[in-house]
file entry.pdb (PDB, C-alpha atoms and all ligand atoms)
ATOM      1  CA  MET A   1      93.927  56.284 -78.453  1.00  0.00           C
ATOM      2  CA  VAL A   2      97.499  56.605 -79.640  1.00  0.00           C
ATOM      3  CA  ILE A   3     100.198  55.543 -77.209  1.00  0.00           C
ATOM      4  CA  ARG A   4     103.599  57.204 -77.259  1.00  0.00           C
ATOM      5  CA  VAL A   5     105.971  54.286 -76.955  1.00  0.00           C
ATOM      6  CA  SER A   6     108.692  56.381 -75.300  1.00  0.00           C
ATOM      7  CA  GLU A   7     106.211  57.452 -72.621  1.00  0.00           C
ATOM      8  CA  ILE A   8     105.227  53.941 -71.529  1.00  0.00           C
ATOM      9  CA  PRO A   9     106.367  53.653 -67.901  1.00  0.00           C
ATOM     10  CA  ASP A  10     108.835  50.919 -66.965  1.00  0.00           C
ATOM     11  CA  ASP A  11     106.202  48.968 -65.080  1.00  0.00           C
ATOM     12  CA  GLY A  12     103.752  49.165 -67.967  1.00  0.00           C
ATOM     13  CA  LEU A  13     100.620  51.089 -68.806  1.00  0.00           C
ATOM     14  CA  SER A  14      97.351  49.635 -67.617  1.00  0.00           C
ATOM     15  CA  ILE A  15      94.210  50.557 -69.553  1.00  0.00           C
ATOM     16  CA  GLU A  16      90.971  49.454 -67.907  1.00  0.00           C
ATOM     17  CA  GLY A  17      87.398  50.013 -68.993  1.00  0.00           C
ATOM     18  CA  ALA A  18      85.696  50.352 -72.369  1.00  0.00           C
ATOM     19  CA  ASP A  19      85.134  54.059 -71.760  1.00  0.00           C
ATOM     20  CA  ARG A  20      88.895  54.589 -72.047  1.00  0.00           C
ATOM     21  CA  LEU A  21      88.578  53.918 -75.774  1.00  0.00           C
ATOM     22  CA  PRO A  22      85.443  55.615 -77.101  1.00  0.00           C
ATOM     23  CA  GLN A  23      84.387  54.301 -80.521  1.00  0.00           C
ATOM     24  CA  PRO A  24      87.526  52.489 -81.677  1.00  0.00           C
ATOM     25  CA  PHE A  25      85.748  50.951 -84.666  1.00  0.00           C
ATOM     26  CA  ARG A  26      85.272  52.335 -88.159  1.00  0.00           C
ATOM     27  CA  ASP A  27      81.919  50.551 -88.276  1.00  0.00           C
ATOM     28  CA  HIS A  28      79.903  52.365 -85.637  1.00  0.00           C
ATOM     29  CA  SER A  29      77.500  49.470 -85.183  1.00  0.00           C
ATOM     30  CA  TRP A  30      80.325  47.582 -83.430  1.00  0.00           C
ATOM     31  CA  ARG A  31      80.434  48.190 -79.697  1.00  0.00           C
ATOM     32  CA  LEU A  32      83.318  47.801 -77.285  1.00  0.00           C
ATOM     33  CA  GLU A  33      81.941  46.346 -74.050  1.00  0.00           C
ATOM     34  CA  GLU A  34      85.042  45.482 -72.048  1.00  0.00           C
ATOM     35  CA  LEU A  35      88.660  46.488 -72.202  1.00  0.00           C
ATOM     36  CA  SER A  36      91.486  45.412 -69.951  1.00  0.00           C
ATOM     37  CA  LEU A  37      94.939  45.777 -71.441  1.00  0.00           C
ATOM     38  CA  LEU A  38      98.480  46.053 -70.165  1.00  0.00           C
ATOM     39  CA  VAL A  39     100.929  47.772 -72.504  1.00  0.00           C
ATOM     40  CA  GLU A  40     104.582  47.082 -71.752  1.00  0.00           C
ATOM     41  CA  ARG A  41     107.910  47.716 -73.379  1.00  0.00           C
ATOM     42  CA  ASP A  42     110.239  44.815 -74.056  1.00  0.00           C
ATOM     43  CA  ASP A  43     113.496  46.308 -75.221  1.00  0.00           C
ATOM     44  CA  ARG A  44     112.385  48.172 -78.379  1.00  0.00           C
ATOM     45  CA  ASP A  45     109.239  46.092 -78.807  1.00  0.00           C
ATOM     46  CA  VAL A  46     105.852  46.815 -77.323  1.00  0.00           C
ATOM     47  CA  VAL A  47     103.795  43.962 -75.902  1.00  0.00           C
ATOM     48  CA  VAL A  48     100.043  44.326 -75.367  1.00  0.00           C
ATOM     49  CA  ARG A  49      98.229  41.724 -73.285  1.00  0.00           C
ATOM     50  CA  GLY A  50      94.772  41.416 -71.834  1.00  0.00           C
ATOM     51  CA  ARG A  51      91.202  40.934 -72.926  1.00  0.00           C
ATOM     52  CA  ILE A  52      88.505  42.786 -74.813  1.00  0.00           C
ATOM     53  CA  ALA A  53      84.816  42.082 -75.358  1.00  0.00           C
ATOM     54  CA  VAL A  54      83.036  43.386 -78.431  1.00  0.00           C
ATOM     55  CA  SER A  55      79.455  43.168 -79.649  1.00  0.00           C
ATOM     56  CA  VAL A  56      79.059  43.051 -83.440  1.00  0.00           C
ATOM     57  CA  PRO A  57      75.826  42.774 -85.430  1.00  0.00           C
ATOM     58  CA  GLN A  58      76.182  39.982 -87.968  1.00  0.00           C
ATOM     59  CA  VAL A  59      74.013  38.472 -90.685  1.00  0.00           C
ATOM     60  CA  CYS A  60      73.186  34.778 -90.343  1.00  0.00           C
ATOM     61  CA  GLY A  61      74.608  32.749 -93.217  1.00  0.00           C
ATOM     62  CA  ARG A  62      71.485  30.559 -93.382  1.00  0.00           C
ATOM     63  CA  CYS A  63      68.441  32.759 -92.712  1.00  0.00           C
ATOM     64  CA  LEU A  64      69.969  36.194 -93.447  1.00  0.00           C
ATOM     65  CA  GLU A  65      68.601  37.689 -90.222  1.00  0.00           C
ATOM     66  CA  ARG A  66      70.751  40.179 -88.326  1.00  0.00           C
ATOM     67  CA  PHE A  67      71.746  39.127 -84.841  1.00  0.00           C
ATOM     68  CA  PRO A  68      74.303  40.347 -82.284  1.00  0.00           C
ATOM     69  CA  THR A  69      77.516  38.363 -81.854  1.00  0.00           C
ATOM     70  CA  ARG A  70      79.686  38.879 -78.803  1.00  0.00           C
ATOM     71  CA  VAL A  71      83.350  37.972 -78.921  1.00  0.00           C
ATOM     72  CA  ALA A  72      85.813  38.240 -76.047  1.00  0.00           C
ATOM     73  CA  PRO A  73      89.271  37.417 -77.385  1.00  0.00           C
ATOM     74  CA  GLU A  74      92.443  37.267 -75.337  1.00  0.00           C
ATOM     75  CA  VAL A  75      94.848  39.848 -76.643  1.00  0.00           C
ATOM     76  CA  GLN A  76      98.515  38.999 -76.979  1.00  0.00           C
ATOM     77  CA  ALA A  77     100.274  41.180 -79.505  1.00  0.00           C
ATOM     78  CA  ARG A  78     103.844  42.260 -80.061  1.00  0.00           C
ATOM     79  CA  PHE A  79     104.893  45.290 -82.073  1.00  0.00           C
ATOM     80  CA  SER A  80     108.387  46.002 -83.301  1.00  0.00           C
ATOM     81  CA  PRO A  81     109.647  49.347 -84.573  1.00  0.00           C
ATOM     82  CA  ARG A  82     108.990  49.486 -88.315  1.00  0.00           C
ATOM     83  CA  PRO A  83     112.319  49.040 -90.126  1.00  0.00           C
ATOM     84  CA  GLU A  84     113.358  52.067 -92.139  1.00  0.00           C
ATOM     85  CA  ARG A  85     113.394  51.804 -95.890  1.00  0.00           C
ATOM     86  CA  GLY A  86     116.752  51.099 -97.433  1.00  0.00           C
ATOM     87  CA  LYS A  87     118.134  49.512 -94.328  1.00  0.00           C
ATOM     88  CA  GLU A  88     118.742  45.816 -94.060  1.00  0.00           C
ATOM     89  CA  PRO A  89     115.540  43.868 -94.664  1.00  0.00           C
ATOM     90  CA  ILE A  90     114.255  41.912 -91.738  1.00  0.00           C
ATOM     91  CA  GLU A  91     113.922  38.242 -92.415  1.00  0.00           C
ATOM     92  CA  LEU A  92     110.546  36.867 -91.563  1.00  0.00           C
ATOM     93  CA  GLY A  93     110.649  33.407 -90.082  1.00  0.00           C
ATOM     94  CA  SER A  94     107.585  31.218 -90.047  1.00  0.00           C
ATOM     95  CA  ASP A  95     106.949  32.223 -86.431  1.00  0.00           C
ATOM     96  CA  ASP A  96     106.810  35.879 -87.320  1.00  0.00           C
ATOM     97  CA  LEU A  97     103.831  35.875 -89.654  1.00  0.00           C
ATOM     98  CA  GLU A  98     101.841  37.844 -87.140  1.00  0.00           C
ATOM     99  CA  LEU A  99     104.570  40.326 -86.505  1.00  0.00           C
ATOM    100  CA  ASP A 100     103.206  43.856 -86.266  1.00  0.00           C
ATOM    101  CA  PHE A 101     104.965  47.151 -86.375  1.00  0.00           C
ATOM    102  CA  TYR A 102     104.682  50.561 -84.841  1.00  0.00           C
ATOM    103  CA  SER A 103     106.234  53.664 -86.304  1.00  0.00           C
ATOM    104  CA  ASP A 104     106.944  57.251 -85.253  1.00  0.00           C
ATOM    105  CA  ASP A 105     106.970  56.241 -81.587  1.00  0.00           C
ATOM    106  CA  SER A 106     103.216  55.702 -81.699  1.00  0.00           C
ATOM    107  CA  LEU A 107     100.950  52.695 -81.320  1.00  0.00           C
ATOM    108  CA  ASP A 108      97.295  52.992 -82.290  1.00  0.00           C
ATOM    109  CA  LEU A 109      95.328  51.066 -79.695  1.00  0.00           C
ATOM    110  CA  ALA A 110      92.012  51.474 -81.534  1.00  0.00           C
ATOM    111  CA  GLN A 111      93.468  49.752 -84.572  1.00  0.00           C
ATOM    112  CA  LEU A 112      94.742  46.893 -82.446  1.00  0.00           C
ATOM    113  CA  VAL A 113      91.343  46.451 -80.791  1.00  0.00           C
ATOM    114  CA  GLU A 114      89.581  46.438 -84.170  1.00  0.00           C
ATOM    115  CA  THR A 115      91.988  43.856 -85.612  1.00  0.00           C
ATOM    116  CA  GLU A 116      91.645  41.576 -82.582  1.00  0.00           C
ATOM    117  CA  ALA A 117      87.847  41.780 -82.687  1.00  0.00           C
ATOM    118  CA  ASP A 118      87.802  41.113 -86.422  1.00  0.00           C
ATOM    119  CA  LEU A 119      89.993  38.002 -86.051  1.00  0.00           C
ATOM    120  CA  ALA A 120      87.720  36.659 -83.312  1.00  0.00           C
ATOM    121  CA  LEU A 121      84.529  36.845 -85.387  1.00  0.00           C
ATOM    122  CA  PRO A 122      83.202  33.590 -86.844  1.00  0.00           C
ATOM    123  CA  MET A 123      83.831  33.087 -90.561  1.00  0.00           C
ATOM    124  CA  LYS A 124      80.340  31.703 -91.120  1.00  0.00           C
ATOM    125  CA  PRO A 125      78.035  33.378 -88.628  1.00  0.00           C
ATOM    126  CA  LEU A 126      74.888  31.505 -87.578  1.00  0.00           C
ATOM    127  CA  CYS A 127      72.103  33.088 -85.529  1.00  0.00           C
ATOM    128  CA  ARG A 128      71.935  29.792 -83.658  1.00  0.00           C
ATOM    129  CA  ALA A 129      73.499  26.369 -84.187  1.00  0.00           C
ATOM    130  CA  ASP A 130      70.236  24.803 -85.354  1.00  0.00           C
ATOM    131  CA  CYS A 131      69.082  27.653 -87.589  1.00  0.00           C
ATOM    132  CA  ARG A 132      66.717  26.135 -90.159  1.00  0.00           C
ATOM    133  CA  GLY A 133      67.527  28.687 -92.847  1.00  0.00           C
ATOM    134  CA  LEU A 134      65.414  29.793 -95.771  1.00  0.00           C
ATOM    135  CA  CYS A 135      63.082  27.531 -97.717  1.00  0.00           C
ATOM    136  CA  PRO A 136      64.626  27.023-101.166  1.00  0.00           C
ATOM    137  CA  THR A 137      61.175  26.978-102.759  1.00  0.00           C
ATOM    138  CA  CYS A 138      59.312  29.944-101.256  1.00  0.00           C
ATOM    139  CA  GLY A 139      62.181  31.827 -99.595  1.00  0.00           C
ATOM    140  CA  GLY A 140      60.410  31.886 -96.228  1.00  0.00           C
ATOM    141  CA  ASN A 141      62.437  31.918 -93.017  1.00  0.00           C
ATOM    142  CA  ARG A 142      61.861  28.412 -91.660  1.00  0.00           C
ATOM    143  CA  ASN A 143      62.665  29.535 -88.111  1.00  0.00           C
ATOM    144  CA  VAL A 144      59.584  31.748 -88.251  1.00  0.00           C
ATOM    145  CA  VAL A 145      57.096  30.225 -90.681  1.00  0.00           C
ATOM    146  CA  GLU A 146      56.167  26.623 -91.265  1.00  0.00           C
ATOM    147  CA  CYS A 147      55.618  26.423 -95.019  1.00  0.00           C
ATOM    148  CA  ASP A 148      54.335  23.262 -96.707  1.00  0.00           C
ATOM    149  CA  CYS A 149      56.738  23.395 -99.629  1.00  0.00           C
ATOM    150  CA  ALA A 150      58.277  20.042 -98.739  1.00  0.00           C
ATOM    151  CA  GLY A 151      55.001  18.362 -99.663  1.00  0.00           C
ATOM    152  CA  ARG A 152      54.568  20.356-102.850  1.00  0.00           C
ATOM    153  CA  ALA A 153      56.199  19.806-106.193  1.00  0.00           C
ATOM    154  CA  PRO A 154      59.519  21.614-106.378  1.00  0.00           C
ATOM    155  CA  ASP A 155      59.724  24.822-108.347  1.00  0.00           C
ATOM    156  CA  PRO A 156      60.054  23.843-112.056  1.00  0.00           C
ATOM    157  CA  ARG A 157      63.009  26.218-112.385  1.00  0.00           C
ATOM    158  CA  PHE A 158      64.904  24.086-109.871  1.00  0.00           C
ATOM    159  CA  ALA A 159      63.904  20.913-111.733  1.00  0.00           C
ATOM    160  CA  VAL A 160      65.491  22.256-114.934  1.00  0.00           C
ATOM    161  CA  LEU A 161      68.714  22.987-113.085  1.00  0.00           C
ATOM    162  CA  LYS A 162      68.704  19.571-111.489  1.00  0.00           C
ATOM    163  CA  ASP A 163      68.182  17.958-114.884  1.00  0.00           C
ATOM    164  CA  LEU A 164      71.028  19.983-116.347  1.00  0.00           C
ATOM    165  CA  ALA A 165      73.319  19.094-113.461  1.00  0.00           C
ATOM    166  CA  GLY A 166      72.465  15.433-113.951  1.00  0.00           C
ATOM    167  CA  ARG A 167      73.312  15.555-117.645  1.00  0.00           C
ATOM    168  CA  LEU A 168      76.580  17.410-117.022  1.00  0.00           C
ATOM    169  CA  SER A 169      77.685  14.780-114.559  1.00  0.00           C
ATOM    170  CA  GLY A 170      76.750  12.058-117.066  1.00  0.00           C
ATOM    171  CA  GLN A 171      73.929  10.423-115.136  1.00  0.00           C
TER
HETATM  172 ZN    ZN A 201      69.758  32.006 -88.957  1.00  0.00          ZN
HETATM  173 ZN    ZN A 202      58.634  27.149 -98.420  1.00  0.00          ZN
END

call {"tool": "encode", "arguments": {"input": "entry.pdb", "output": "structure tokens"}}
result
Amino acid sequence: MVIRVSEIPDDGLSIEGADRLPQPFRDHSWRLEELSLLVERDDRDVVVRGRIAVSVPQVCGRCLERFPTRVAPEVQARFSPRPERGKEPIELGSDDLELDFYSDDSLDLAQLVETEADLALPMKPLCRADCRGLCPTCGGNRNVVECDCAGRAPDPRFAVLKDLAGRLSGQ
């Protein structure tokens, strides 16, 4: 959904419901579940406020299983008209690092929703806080199978690495 900035009414444009924005994501496995945004003009800027909820399949960093993550970030974004080339450069202060621009009188709401969802995703996804991960010896998923590797001798290939690491650190 592309919004014409000049057509935003004075009292703002309210966009309610995920069905107002069908498939805003490049990755079609992401799903928009909720959308409630108010788009307003502030002088020449455009301010977008509200909330979205997005379901994203992620891969657990410990056990490598896929699991759905749901994020529901607050949206608070400001867009300024993109300065034309050759004109005076705008000076970015430290507060303006997240400054966004619109150009040609248009603001792409799908892009905004994707960016906000992306920022809200965890950097190191875990299927659950106490995920037990993969066994380093047999590779089994320890959430699912109880292997007895802990009682067995470690894989000799790991022993060689451990020995090497010990020598490198001078022990
Ligand atoms: Zn996991
Ligand atoms: Zn094992």

call {"tool": "closest_residue", "arguments": {"input": "entry.pdb", "among": "A:Phe25, A:Trp30, A:Phe79, A:Phe101", "to": "A:Val47", "atoms": "all atoms listed in the file"}}
result
A:Phe79

call {"tool": "residues_near_ligand", "arguments": {"input": "entry.pdb", "ligand": "ligand ZN 202 (chain A)", "cutoff": "9 Å", "atoms": "all atoms listed in the file", "output": "mmCIF file with C-alpha atoms, keeping the file's coordinate frame"}}
result
data_model
loop_
_atom_site.group_PDB
_atom_site.id
_atom_site.type_symbol
_atom_site.label_atom_id
_atom_site.label_comp_id
_atom_site.auth_asym_id
_atom_site.auth_seq_id
_atom_site.Cartn_x
_atom_site.Cartn_y
_atom_site.Cartn_z
ATOM 1 C CA LEU A 134 65.414 29.793 -95.771
ATOM 2 C CA CYS A 135 63.082 27.531 -97.717
ATOM 3 C CA PRO A 136 64.626 27.023 -101.166
ATOM 4 C CA THR A 137 61.175 26.978 -102.759
ATOM 5 C CA CYS A 138 59.312 29.944 -101.256
ATOM 6 C CA GLY A 139 62.181 31.827 -99.595
ATOM 7 C CA GLY A 140 60.410 31.886 -96.228
ATOM 8 C CA ASN A 141 62.437 31.918 -93.017
ATOM 9 C CA ARG A 142 61.861 28.412 -91.660
ATOM 10 C CA VAL A 145 57.096 30.225 -90.681
ATOM 11 C CA GLU A 146 56.167 26.623 -91.265
ATOM 12 C CA CYS A 147 55.618 26.423 -95.019
ATOM 13 C CA ASP A 148 54.335 23.262 -96.707
ATOM 14 C CA CYS A 149 56.738 23.395 -99.629
ATOM 15 C CA ALA A 150 58.277 20.042 -98.739
#

call {"tool": "closest_residue", "arguments": {"input": "entry.pdb", "among": "A:Ser103, A:Gln58, A:Ser80, A:Gln111", "to": "ligand ZN 201 (chain A)", "atoms": "all atoms listed in the file"}}
result
A:Gln58

call {"tool": "resolve_selection", "arguments": {"input": "entry.pdb", "expression": "the PyMOL selection byres (((chain A and resi 14) around 6) and not hetatm)", "output": "PDB file with C-alpha atoms, in the coordinates of the input"}}
result
ATOM      1  CA  LEU A  13     100.620  51.089 -68.806  1.00  0.00           C
ATOM      2  CA  ILE A  15      94.210  50.557 -69.553  1.00  0.00           C
ATOM      3  CA  LEU A  37      94.939  45.777 -71.441  1.00  0.00           C
ATOM      4  CA  LEU A  38      98.480  46.053 -70.165  1.00  0.00           C
TER       5      LEU A  38
END

call {"tool": "atom_distance", "arguments": {"input": "entry.pdb", "atom1": "atom CA of A:Glu114", "atom2": "atom CA of A:Asp27"}}
result
9.6 Å

call {"tool": "axis_aligned_box", "arguments": {"input": "entry.pdb", "around": "stretch 76-87 of chain A", "padding_each_side": "6 Å", "output": "AutoDock Vina command-line options"}}
result
--center_x 108.3 --center_y 45.5 --center_z -87.2 --size_x 31.6 --size_y 25.1 --size_z 32.5

call {"tool": "residues_near_ligand", "arguments": {"input": "entry.pdb", "ligand": "ligand ZN 201 (chain A)", "cutoff": "12 Å", "atoms": "all atoms listed in the file", "output": "PyMOL selection string"}}
result
chain A and resi 58-68+124-135+140-144

call {"tool": "atom_distance", "arguments": {"input": "entry.pdb", "atom1": "atom CA of A:Asp10", "atom2": "atom CA of A:Ala53"}}
result
26.9 Å

call {"tool": "atom_distance", "arguments": {"input": "entry.pdb", "atom1": "atom CA of A:Ser106", "atom2": "atom CA of A:Arg78"}}
result
13.6 Å

call {"tool": "build_atoms", "arguments": {"input": "entry.pdb", "residues": "stretch 119-146 of chain A", "atoms": "N, CA and C atoms", "output": "short mmCIF file (atom, residue, chain, number, x, y, z; two decimals), in the coordinates of the input"}}
result
data_model
loop_
_atom_site.label_atom_id
_atom_site.label_comp_id
_atom_site.auth_asym_id
_atom_site.auth_seq_id
_atom_site.Cartn_x
_atom_site.Cartn_y
_atom_site.Cartn_z
N LEU A 119 89.45 39.36 -85.99
CA LEU A 119 89.99 38.00 -86.05
C LEU A 119 89.15 37.02 -85.23
N ALA A 120 88.48 37.54 -84.20
CA ALA A 120 87.72 36.66 -83.31
C ALA A 120 86.32 36.34 -83.85
N LEU A 121 85.88 37.08 -84.87
CA LEU A 121 84.53 36.84 -85.39
C LEU A 121 84.45 35.54 -86.16
N PRO A 122 83.32 34.84 -86.08
CA PRO A 122 83.20 33.59 -86.84
C PRO A 122 83.19 33.86 -88.34
N MET A 123 83.80 32.94 -89.11
CA MET A 123 83.83 33.09 -90.56
C MET A 123 82.44 32.91 -91.16
N LYS A 124 81.69 31.94 -90.62
CA LYS A 124 80.34 31.70 -91.12
C LYS A 124 79.37 31.90 -89.97
N PRO A 125 78.90 33.13 -89.78
CA PRO A 125 78.04 33.38 -88.63
C PRO A 125 76.68 32.68 -88.75
N LEU A 126 76.21 32.11 -87.64
CA LEU A 126 74.89 31.50 -87.58
C LEU A 126 74.15 32.12 -86.40
N CYS A 127 72.86 32.47 -86.62
CA CYS A 127 72.10 33.09 -85.53
C CYS A 127 71.95 32.11 -84.37
N ARG A 128 71.91 30.83 -84.68
CA ARG A 128 71.94 29.79 -83.66
C ARG A 128 72.37 28.49 -84.35
N ALA A 129 72.89 27.56 -83.59
CA ALA A 129 73.50 26.37 -84.19
C ALA A 129 72.49 25.59 -85.04
N ASP A 130 71.22 25.60 -84.62
CA ASP A 130 70.24 24.80 -85.35
C ASP A 130 69.33 25.69 -86.23
N CYS A 131 69.87 26.79 -86.70
CA CYS A 131 69.08 27.65 -87.59
C CYS A 131 68.59 26.84 -88.79
N ARG A 132 67.29 26.97 -89.10
CA ARG A 132 66.72 26.14 -90.16
C ARG A 132 66.81 26.80 -91.53
N GLY A 133 67.25 28.05 -91.56
CA GLY A 133 67.53 28.69 -92.85
C GLY A 133 66.28 29.05 -93.63
N LEU A 134 66.50 29.38 -94.89
CA LEU A 134 65.41 29.79 -95.77
C LEU A 134 64.94 28.60 -96.60
N CYS A 135 63.62 28.58 -96.85
CA CYS A 135 63.08 27.53 -97.72
C CYS A 135 63.54 27.79 -99.15
N PRO A 136 64.13 26.79 -99.81
CA PRO A 136 64.63 27.02 -101.17
C PRO A 136 63.50 27.22 -102.18
N THR A 137 62.28 26.85 -101.81
CA THR A 137 61.18 26.98 -102.76
C THR A 137 60.47 28.32 -102.64
N CYS A 138 60.07 28.70 -101.41
CA CYS A 138 59.31 29.94 -101.26
C CYS A 138 60.13 31.06 -100.65
N GLY A 139 61.34 30.78 -100.16
CA GLY A 139 62.18 31.83 -99.60
C GLY A 139 61.80 32.22 -98.19
N GLY A 140 60.82 31.53 -97.60
CA GLY A 140 60.41 31.89 -96.23
C GLY A 140 61.47 31.50 -95.21
N ASN A 141 61.52 32.23 -94.11
CA ASN A 141 62.44 31.92 -93.02
C ASN A 141 61.83 30.77 -92.22
N ARG A 142 62.45 29.61 -92.28
CA ARG A 142 61.86 28.41 -91.66
C ARG A 142 61.95 28.41 -90.14
N ASN A 143 62.71 29.38 -89.57
CA ASN A 143 62.66 29.54 -88.11
C ASN A 143 61.35 30.18 -87.68
N VAL A 144 60.74 30.93 -88.59
CA VAL A 144 59.58 31.75 -88.25
C VAL A 144 58.29 31.15 -88.80
N VAL A 145 58.31 30.75 -90.06
CA VAL A 145 57.10 30.22 -90.68
C VAL A 145 57.27 28.76 -91.05
N GLU A 146 56.19 28.03 -90.89
CA GLU A 146 56.17 26.62 -91.26
C GLU A 146 55.49 26.56 -92.63
#
